[in-house]
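This is run.pdb (PDB, C-alpha atoms, pLDDT in the B column).
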```pdb
MODEL        1
ATOM      1  CA  MET H 340      87.539 -29.347 -26.636  1.00 75.00           C
ATOM      2  CA  ASP H 341      85.873 -29.829 -23.256  1.00 89.00           C
ATOM      3  CA  ILE H 342      86.974 -33.355 -22.356  1.00 90.00           C
ATOM      4  CA  THR H 343      84.676 -33.405 -19.319  1.00 92.00           C
ATOM      5  CA  GLN H 344      81.855 -34.137 -21.797  1.00 93.00           C
ATOM      6  CA  LEU H 345      83.560 -37.203 -23.266  1.00 92.00           C
ATOM      7  CA  PRO H 346      82.921 -40.781 -22.100  1.00 91.00           C
ATOM      8  CA  VAL H 347      85.501 -41.958 -19.593  1.00 92.00           C
ATOM      9  CA  SER H 348      86.290 -45.092 -21.612  1.00 87.00           C
ATOM     10  CA  ASP H 349      86.995 -43.001 -24.723  1.00 88.00           C
ATOM     11  CA  LEU H 350      89.466 -40.869 -22.790  1.00 89.00           C
ATOM     12  CA  ALA H 351      91.154 -43.982 -21.416  1.00 87.00           C
ATOM     13  CA  VAL H 352      91.602 -45.308 -24.962  1.00 85.00           C
ATOM     14  CA  ALA H 353      92.566 -42.092 -26.716  1.00 82.00           C
ATOM     15  CA  ARG H 354      95.009 -40.684 -24.153  1.00 80.00           C
ATOM     16  CA  PRO H 355      97.784 -43.037 -23.021  1.00 75.00           C
ATOM     17  CA  GLY H 356      98.388 -42.481 -19.319  1.00 82.00           C
ATOM     18  CA  ALA H 357      94.829 -41.356 -18.604  1.00 87.00           C
ATOM     19  CA  THR H 358      94.029 -44.568 -16.760  1.00 88.00           C
ATOM     20  CA  ALA H 359      96.528 -43.711 -14.018  1.00 86.00           C
ATOM     21  CA  VAL H 360      94.835 -40.344 -13.516  1.00 90.00           C
ATOM     22  CA  LEU H 361      91.387 -41.929 -13.435  1.00 90.00           C
ATOM     23  CA  ARG H 362      92.548 -44.475 -10.846  1.00 89.00           C
ATOM     24  CA  ARG H 363      93.930 -41.682  -8.702  1.00 89.00           C
ATOM     25  CA  PHE H 364      90.510 -40.065  -8.613  1.00 91.00           C
ATOM     26  CA  LYS H 365      88.815 -43.492  -8.229  1.00 89.00           C
ATOM     27  CA  ILE H 366      86.869 -43.110 -11.469  1.00 91.00           C
ATOM     28  CA  ASP H 367      85.814 -46.367 -13.120  1.00 87.00           C
ATOM     29  CA  TYR H 368      87.029 -46.695 -16.717  1.00 87.00           C
ATOM     30  CA  CYS H 369      86.701 -50.429 -17.323  1.00 81.00           C
ATOM     31  CA  GLY H 370      83.197 -51.243 -16.086  1.00 74.00           C
ATOM     32  CA  ASP H 371      80.931 -48.207 -16.188  1.00 67.00           C
ATOM     33  CA  GLY H 372      83.146 -46.315 -18.619  1.00 62.00           C
ATOM     34  CA  ARG H 373      80.368 -44.967 -20.829  1.00 81.00           C
ATOM     35  CA  LYS H 374      79.581 -42.213 -18.331  1.00 89.00           C
ATOM     36  CA  ILE H 375      80.888 -38.820 -19.386  1.00 93.00           C
ATOM     37  CA  LEU H 376      83.803 -37.589 -17.304  1.00 94.00           C
ATOM     38  CA  ALA H 377      81.791 -34.778 -15.701  1.00 94.00           C
ATOM     39  CA  ASP H 378      79.169 -37.161 -14.334  1.00 94.00           C
ATOM     40  CA  ALA H 379      81.694 -39.806 -13.284  1.00 92.00           C
ATOM     41  CA  ALA H 380      83.786 -37.243 -11.399  1.00 93.00           C
ATOM     42  CA  ARG H 381      80.799 -35.733  -9.595  1.00 94.00           C
ATOM     43  CA  THR H 382      79.709 -39.230  -8.546  1.00 91.00           C
ATOM     44  CA  ARG H 383      83.074 -39.503  -6.782  1.00 91.00           C
ATOM     45  CA  GLY H 384      82.716 -36.026  -5.259  1.00 93.00           C
ATOM     46  CA  VAL H 385      85.515 -34.608  -7.430  1.00 93.00           C
ATOM     47  CA  ASP H 386      85.576 -31.406  -9.481  1.00 95.00           C
ATOM     48  CA  PRO H 387      85.586 -32.595 -13.135  1.00 92.00           C
ATOM     49  CA  ARG H 388      87.913 -29.733 -14.054  1.00 93.00           C
ATOM     50  CA  LEU H 389      90.619 -31.114 -11.755  1.00 94.00           C
ATOM     51  CA  VAL H 390      90.461 -34.502 -13.460  1.00 93.00           C
ATOM     52  CA  ALA H 391      90.468 -32.921 -16.916  1.00 92.00           C
ATOM     53  CA  GLU H 392      93.492 -30.781 -16.070  1.00 93.00           C
ATOM     54  CA  ALA H 393      95.373 -33.817 -14.785  1.00 92.00           C
ATOM     55  CA  ILE H 394      94.620 -35.778 -17.972  1.00 89.00           C
ATOM     56  CA  LEU H 395      95.582 -32.895 -20.245  1.00 90.00           C
ATOM     57  CA  SER H 396      98.870 -32.417 -18.369  1.00 89.00           C
ATOM     58  CA  ILE H 397     100.058 -35.997 -18.972  1.00 82.00           C
ATOM     59  CA  GLU H 398     103.574 -35.932 -20.323  1.00 71.00           C
ATOM     60  CA  PRO H 399     103.926 -37.444 -23.828  1.00 65.00           C
ATOM     61  CA  GLY H 400     105.749 -40.719 -24.119  1.00 55.00           C
ATOM     62  CA  THR H 401     103.326 -43.135 -22.477  1.00 57.00           C
ATOM     63  CA  GLN H 402     103.026 -46.070 -24.868  1.00 63.00           C
ATOM     64  CA  ALA H 403      99.664 -46.785 -26.460  1.00 68.00           C
ATOM     65  CA  ALA H 404      98.268 -50.282 -26.861  1.00 75.00           C
ATOM     66  CA  PRO H 405      99.277 -52.184 -30.039  1.00 81.00           C
ATOM     67  CA  THR H 406      97.043 -51.313 -32.972  1.00 83.00           C
ATOM     68  CA  ASP H 407      96.892 -54.733 -34.644  1.00 91.00           C
ATOM     69  CA  THR H 408      94.872 -57.458 -32.953  1.00 94.00           C
ATOM     70  CA  PRO H 409      97.480 -60.269 -32.809  1.00 95.00           C
ATOM     71  CA  SER H 410     100.006 -57.913 -31.179  1.00 95.00           C
ATOM     72  CA  LEU H 411      97.392 -56.664 -28.725  1.00 96.00           C
ATOM     73  CA  ILE H 412      96.550 -60.234 -27.731  1.00 97.00           C
ATOM     74  CA  ASP H 413     100.258 -60.997 -27.273  1.00 96.00           C
ATOM     75  CA  HIS H 414     100.547 -57.884 -25.112  1.00 95.00           C
ATOM     76  CA  LEU H 415      97.597 -58.941 -22.947  1.00 97.00           C
ATOM     77  CA  LEU H 416      99.067 -62.398 -22.446  1.00 97.00           C
ATOM     78  CA  GLU H 417     102.588 -61.265 -21.631  1.00 94.00           C
ATOM     79  CA  ARG H 418     101.929 -58.035 -19.748  1.00 93.00           C
ATOM     80  CA  TYR H 419      98.830 -59.078 -17.823  1.00 96.00           C
ATOM     81  CA  HIS H 420      98.033 -62.806 -17.782  1.00 97.00           C
ATOM     82  CA  GLU H 421     101.511 -63.894 -16.715  1.00 95.00           C
ATOM     83  CA  THR H 422     101.963 -60.852 -14.468  1.00 96.00           C
ATOM     84  CA  HIS H 423      98.728 -61.576 -12.559  1.00 97.00           C
ATOM     85  CA  ARG H 424      99.860 -65.131 -11.868  1.00 97.00           C
ATOM     86  CA  ARG H 425     103.141 -63.906 -10.363  1.00 96.00           C
ATOM     87  CA  GLN H 426     101.450 -61.112  -8.402  1.00 97.00           C
ATOM     88  CA  PHE H 427      98.824 -63.321  -6.804  1.00 97.00           C
ATOM     89  CA  ALA H 428     101.331 -66.028  -5.852  1.00 96.00           C
ATOM     90  CA  GLU H 429     103.435 -63.429  -4.041  1.00 97.00           C
ATOM     91  CA  ALA H 430     100.463 -61.604  -2.490  1.00 97.00           C
ATOM     92  CA  LEU H 431      99.010 -64.837  -1.102  1.00 97.00           C
ATOM     93  CA  GLY H 432     102.268 -65.657   0.664  1.00 96.00           C
ATOM     94  CA  LEU H 433     102.552 -62.168   2.128  1.00 96.00           C
ATOM     95  CA  ALA H 434      98.914 -62.135   3.270  1.00 97.00           C
ATOM     96  CA  GLN H 435      99.270 -65.490   5.022  1.00 98.00           C
ATOM     97  CA  ARG H 436     102.363 -64.244   6.875  1.00 97.00           C
ATOM     98  CA  VAL H 437     100.698 -60.996   7.951  1.00 97.00           C
ATOM     99  CA  GLU H 438      97.561 -62.764   9.178  1.00 97.00           C
ATOM    100  CA  MET H 439      99.595 -65.377  11.036  1.00 96.00           C
ATOM    101  CA  VAL H 440     101.920 -62.902  12.760  1.00 96.00           C
ATOM    102  CA  HIS H 441      99.527 -59.997  13.333  1.00 96.00           C
ATOM    103  CA  GLY H 442      96.212 -61.780  13.732  1.00 93.00           C
ATOM    104  CA  ASP H 443      95.670 -60.227  17.174  1.00 93.00           C
ATOM    105  CA  ASN H 444      96.134 -56.694  15.840  1.00 95.00           C
ATOM    106  CA  PRO H 445      92.716 -55.035  15.287  1.00 94.00           C
ATOM    107  CA  ASP H 446      94.071 -53.523  12.045  1.00 95.00           C
ATOM    108  CA  CYS H 447      95.065 -56.929  10.649  1.00 96.00           C
ATOM    109  CA  PRO H 448      93.295 -57.698   7.338  1.00 96.00           C
ATOM    110  CA  VAL H 449      91.817 -60.987   8.523  1.00 96.00           C
ATOM    111  CA  GLY H 450      90.385 -62.855   5.550  1.00 97.00           C
ATOM    112  CA  LEU H 451      92.623 -61.169   2.971  1.00 98.00           C
ATOM    113  CA  SER H 452      94.480 -64.360   2.042  1.00 98.00           C
ATOM    114  CA  GLN H 453      91.154 -66.151   1.550  1.00 98.00           C
ATOM    115  CA  HIS H 454      89.870 -63.289  -0.606  1.00 98.00           C
ATOM    116  CA  LEU H 455      93.031 -63.328  -2.738  1.00 98.00           C
ATOM    117  CA  ALA H 456      92.795 -67.105  -3.169  1.00 98.00           C
ATOM    118  CA  PHE H 457      89.165 -66.784  -4.274  1.00 98.00           C
ATOM    119  CA  MET H 458      90.110 -64.044  -6.749  1.00 98.00           C
ATOM    120  CA  LEU H 459      92.967 -66.124  -8.133  1.00 98.00           C
ATOM    121  CA  ASP H 460      90.769 -69.186  -8.686  1.00 98.00           C
ATOM    122  CA  ASP H 461      88.221 -67.101 -10.601  1.00 98.00           C
ATOM    123  CA  LEU H 462      90.898 -65.255 -12.548  1.00 98.00           C
ATOM    124  CA  GLU H 463      92.697 -68.425 -13.568  1.00 98.00           C
ATOM    125  CA  MET H 464      89.497 -69.932 -14.978  1.00 98.00           C
ATOM    126  CA  HIS H 465      88.737 -66.651 -16.775  1.00 98.00           C
ATOM    127  CA  GLN H 466      92.204 -66.398 -18.300  1.00 98.00           C
ATOM    128  CA  GLN H 467      92.165 -70.000 -19.445  1.00 98.00           C
ATOM    129  CA  LYS H 468      88.879 -69.379 -21.292  1.00 97.00           C
ATOM    130  CA  GLU H 469      90.594 -66.544 -23.136  1.00 98.00           C
ATOM    131  CA  GLU H 470      93.847 -68.393 -23.771  1.00 98.00           C
ATOM    132  CA  LEU H 471      92.280 -71.671 -24.940  1.00 96.00           C
ATOM    133  CA  MET H 472      89.136 -70.453 -26.696  1.00 94.00           C
ATOM    134  CA  LEU H 473      88.510 -66.741 -27.216  1.00 96.00           C
ATOM    135  CA  PHE H 474      91.950 -65.493 -28.245  1.00 96.00           C
ATOM    136  CA  PRO H 475      92.580 -68.330 -30.754  1.00 95.00           C
ATOM    137  CA  MET H 476      89.166 -67.583 -32.291  1.00 93.00           C
ATOM    138  CA  MET H 477      90.099 -63.898 -32.574  1.00 94.00           C
ATOM    139  CA  ARG H 478      93.371 -64.768 -34.288  1.00 92.00           C
ATOM    140  CA  ASN H 479      91.525 -66.963 -36.790  1.00 89.00           C
ATOM    141  CA  SER H 480      89.718 -64.774 -39.288  1.00 75.00           C
ATOM    142  CA  ALA H 481      87.628 -67.768 -40.384  1.00 66.00           C
ATOM    143  CA  ALA H 482      86.384 -68.486 -36.850  1.00 70.00           C
ATOM    144  CA  PRO H 483      82.665 -68.225 -36.087  1.00 76.00           C
ATOM    145  CA  SER H 484      81.212 -65.236 -34.228  1.00 86.00           C
ATOM    146  CA  VAL H 485      82.861 -64.447 -30.918  1.00 93.00           C
ATOM    147  CA  GLY H 486      79.930 -62.407 -29.618  1.00 92.00           C
ATOM    148  CA  ALA H 487      78.791 -64.960 -27.024  1.00 93.00           C
ATOM    149  CA  PRO H 488      82.214 -65.606 -25.426  1.00 94.00           C
ATOM    150  CA  ILE H 489      82.926 -61.861 -25.373  1.00 96.00           C
ATOM    151  CA  ALA H 490      79.648 -61.246 -23.528  1.00 96.00           C
ATOM    152  CA  CYS H 491      80.669 -63.905 -21.012  1.00 96.00           C
ATOM    153  CA  MET H 492      84.076 -62.278 -20.473  1.00 97.00           C
ATOM    154  CA  VAL H 493      82.527 -58.827 -19.984  1.00 96.00           C
ATOM    155  CA  ALA H 494      80.117 -60.216 -17.389  1.00 96.00           C
ATOM    156  CA  GLU H 495      83.006 -61.859 -15.551  1.00 97.00           C
ATOM    157  CA  HIS H 496      84.885 -58.560 -15.596  1.00 97.00           C
ATOM    158  CA  GLU H 497      82.005 -57.044 -13.625  1.00 96.00           C
ATOM    159  CA  ASP H 498      82.574 -59.730 -10.990  1.00 97.00           C
ATOM    160  CA  VAL H 499      86.284 -58.855 -10.892  1.00 97.00           C
ATOM    161  CA  ILE H 500      85.442 -55.201 -10.245  1.00 96.00           C
ATOM    162  CA  GLU H 501      83.358 -56.245  -7.230  1.00 96.00           C
ATOM    163  CA  GLN H 502      86.235 -58.411  -6.019  1.00 98.00           C
ATOM    164  CA  LEU H 503      88.630 -55.469  -6.379  1.00 97.00           C
ATOM    165  CA  ASN H 504      86.257 -53.298  -4.377  1.00 96.00           C
ATOM    166  CA  GLY H 505      86.352 -55.966  -1.669  1.00 97.00           C
ATOM    167  CA  LEU H 506      90.148 -55.997  -1.824  1.00 98.00           C
ATOM    168  CA  ALA H 507      90.204 -52.236  -1.262  1.00 97.00           C
ATOM    169  CA  ARG H 508      87.875 -52.566   1.727  1.00 97.00           C
ATOM    170  CA  LEU H 509      89.975 -55.281   3.363  1.00 97.00           C
ATOM    171  CA  THR H 510      93.156 -53.212   2.978  1.00 98.00           C
ATOM    172  CA  ARG H 511      91.537 -49.882   3.909  1.00 96.00           C
ATOM    173  CA  ASP H 512      92.186 -48.603   0.415  1.00 96.00           C
ATOM    174  CA  PHE H 513      95.678 -50.130   0.379  1.00 97.00           C
ATOM    175  CA  THR H 514      96.751 -47.999   3.361  1.00 96.00           C
ATOM    176  CA  PRO H 515      98.805 -49.872   5.984  1.00 95.00           C
ATOM    177  CA  PRO H 516      98.717 -48.816   9.657  1.00 94.00           C
ATOM    178  CA  ALA H 517     101.352 -46.333  10.752  1.00 93.00           C
ATOM    179  CA  LYS H 518     103.347 -49.012  12.613  1.00 91.00           C
ATOM    180  CA  ALA H 519     102.943 -51.753  10.028  1.00 94.00           C
ATOM    181  CA  CYS H 520     105.956 -53.989   9.419  1.00 95.00           C
ATOM    182  CA  THR H 521     107.767 -54.185   6.088  1.00 96.00           C
ATOM    183  CA  THR H 522     105.883 -57.320   5.041  1.00 95.00           C
ATOM    184  CA  TRP H 523     102.537 -55.664   5.745  1.00 96.00           C
ATOM    185  CA  ARG H 524     103.500 -52.586   3.737  1.00 96.00           C
ATOM    186  CA  ALA H 525     104.790 -54.710   0.869  1.00 96.00           C
ATOM    187  CA  LEU H 526     101.519 -56.652   0.860  1.00 97.00           C
ATOM    188  CA  TYR H 527      99.372 -53.537   0.554  1.00 97.00           C
ATOM    189  CA  ALA H 528     101.639 -52.060  -2.133  1.00 96.00           C
ATOM    190  CA  LEU H 529     101.299 -55.290  -4.117  1.00 96.00           C
ATOM    191  CA  CYS H 530      97.511 -55.313  -3.653  1.00 97.00           C
ATOM    192  CA  ALA H 531      97.399 -51.755  -5.034  1.00 95.00           C
ATOM    193  CA  GLU H 532      99.489 -52.921  -8.003  1.00 95.00           C
ATOM    194  CA  ILE H 533      97.124 -55.851  -8.590  1.00 97.00           C
ATOM    195  CA  ASP H 534      94.173 -53.459  -8.536  1.00 96.00           C
ATOM    196  CA  ALA H 535      95.786 -51.109 -11.070  1.00 93.00           C
ATOM    197  CA  ASP H 536      96.912 -53.889 -13.408  1.00 95.00           C
ATOM    198  CA  LEU H 537      93.587 -55.716 -13.393  1.00 97.00           C
ATOM    199  CA  ARG H 538      91.667 -52.522 -14.125  1.00 95.00           C
ATOM    200  CA  ASP H 539      94.010 -51.636 -17.010  1.00 94.00           C
ATOM    201  CA  HIS H 540      93.800 -55.211 -18.305  1.00 96.00           C
ATOM    202  CA  MET H 541      89.994 -55.201 -18.316  1.00 96.00           C
ATOM    203  CA  HIS H 542      89.927 -51.755 -19.904  1.00 94.00           C
ATOM    204  CA  LEU H 543      92.090 -52.923 -22.819  1.00 95.00           C
ATOM    205  CA  GLU H 544      89.835 -55.909 -23.380  1.00 96.00           C
ATOM    206  CA  ASN H 545      86.442 -54.230 -22.894  1.00 95.00           C
ATOM    207  CA  ASN H 546      87.160 -50.921 -24.618  1.00 92.00           C
ATOM    208  CA  VAL H 547      89.803 -51.834 -27.221  1.00 93.00           C
ATOM    209  CA  LEU H 548      90.040 -55.513 -28.152  1.00 95.00           C
ATOM    210  CA  PHE H 549      86.402 -56.522 -27.779  1.00 94.00           C
ATOM    211  CA  LYS H 550      85.174 -53.421 -29.618  1.00 91.00           C
ATOM    212  CA  ARG H 551      86.979 -54.659 -32.728  1.00 90.00           C
ATOM    213  CA  PHE H 552      84.585 -57.613 -32.845  1.00 90.00           C
ATOM    214  CA  GLY H 553      81.390 -55.708 -32.040  1.00 74.00           C
TER     215      GLY H 553
ENDMDL
END
```
Could I get this file's structure written as structure tokens?
Amino acid sequence: MDITQLPVSDLAVARPGATAVLRRFKIDYCGDGRKILADAARTRGVDPRLVAEAILSIEPGTQAAPTDTPSLIDHLLERYHETHRRQFAEALGLAQRVEMVHGDNPDCPVGLSQHLAFMLDDLEMHQQKEELMLFPMMRNSAAPSVGAPIACMVAEHEDVIEQLNGLARLTRDFTPPAKACTTWRALYALCAEIDADLRDHMHLENNVLFKRFG
């Protein structure tokens, strides 16, 4: 099978570990994931065959998402919702320290702490909508249609993708300067982790959980 002709989102769902490969090649799998791999790779200036080879070479053992809906929701809450809250609290502190100490350095990511705070405010409101309304409705088989709240969540995910793109710009693609201090390096490593986790989180919701209610 030529997997370069499959939609990116389908590959991300069907092959555990594929999301890490797609991130490495900067191929979107949570927002514009309906593009076939060949087109998505060429948009990024990458040979589709290289991406396909990397996906096909993934070692077995990467755990797939839970198959039943209640377990998947529990996984999203524990692995992502709580993790994001810890990550952003730590990243905000690190960003404030870097901007305060290195504000005169032309490489300093001035405005990063403000951007992270803005992202956190939006994310917290988004997660509370899921925790208090959408997820309980999904657990309740007698609940009314969840189509409208799902559409709202998907639209908000598009906003998160734009925020992540801004995060990458502020951190020069999560690459600290050669002489960056330990705090600065730790900050950029954490921002890269936030980017990866948020993209995987949105992928599981958009392409797995929400599709069960389509």
#### Entry: Distance criterion (only C-alpha atoms): nearest to H:Tyr527 out of H:Met340, H:Val352, H:Leu543, H:Ala430
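Once distances to H:Tyr527 are computed over only C-alpha atoms, the minimum belongs to H:Ala430.
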### Message
Going by the chain IDs and residue numbers used in this file, which residues fall under the PyMOL selection byres ((chain H and resi 466) around 12)? Write them as a VMD selection string.
### Response
chain H and resid 415 to 416 419 to 424 458 to 465 467 to 474 492 495 to 496 537 540 to 541 544
### stretch 521-526 of chain H surroundings by all atoms listed in the file, 9 Å radius, close-in-sequence under 2 positions cut, as a list in words
Glu429, Ala430, Leu431, Leu433, Ala434, Arg436, Val437, Phe513, Thr514, Pro515, Pro516, Ala519, Ala528, Leu529, Cys530 and Ala531 of chain H
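Atom pair atom CA of H:Asp378 / atom CA of H:Asp536: separated by 24.4 Å.
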#### Entry: Within 12 Å of stretch 387-396 of chain H using only C-alpha atoms, minus same-chain residues under 2 positions, as an MDAnalysis selection string
chainID H and resid 340:345 347 350:351 353:366 375:385 398:399
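The two atoms in question, atom CA of H:Ile489 and atom CA of H:Thr406, are spaced 19.2 Å apart.
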### Query
H:Ser452, H:His542, H:Asp407, H:Ile533: which is nearest H:Leu503, counting all atoms listed in the file?
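Smallest separation from H:Leu503 among the options: H:Ile533.
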### Summary
Taken to one decimal, the atom CA of H:Arg538-atom CA of H:Asn479 distance is 26.9 Å
### Residues matched by the PyMOL selection byres ((chain H and resi 553) around 10), written as a PyMOL selection string
chain H and resi 484-486+489+548-552
### Task
Tell me which of H:Ala490, H:Pro483, H:Arg425, H:Ala507 sits closest to H:Asp534, counting all atoms listed in the file.
H:Ala507
Take every atom of stretch 380-384 of chain H listed in the file, fit an axis-aligned box around them, add 3 Å per side, and give the centre and edge lengths in Å to one decimal as JSON.
```
{"center_x": 81.7, "center_y": -37.6, "center_z": -8.3, "size_x": 10.1, "size_y": 9.8, "size_z": 12.1}
```
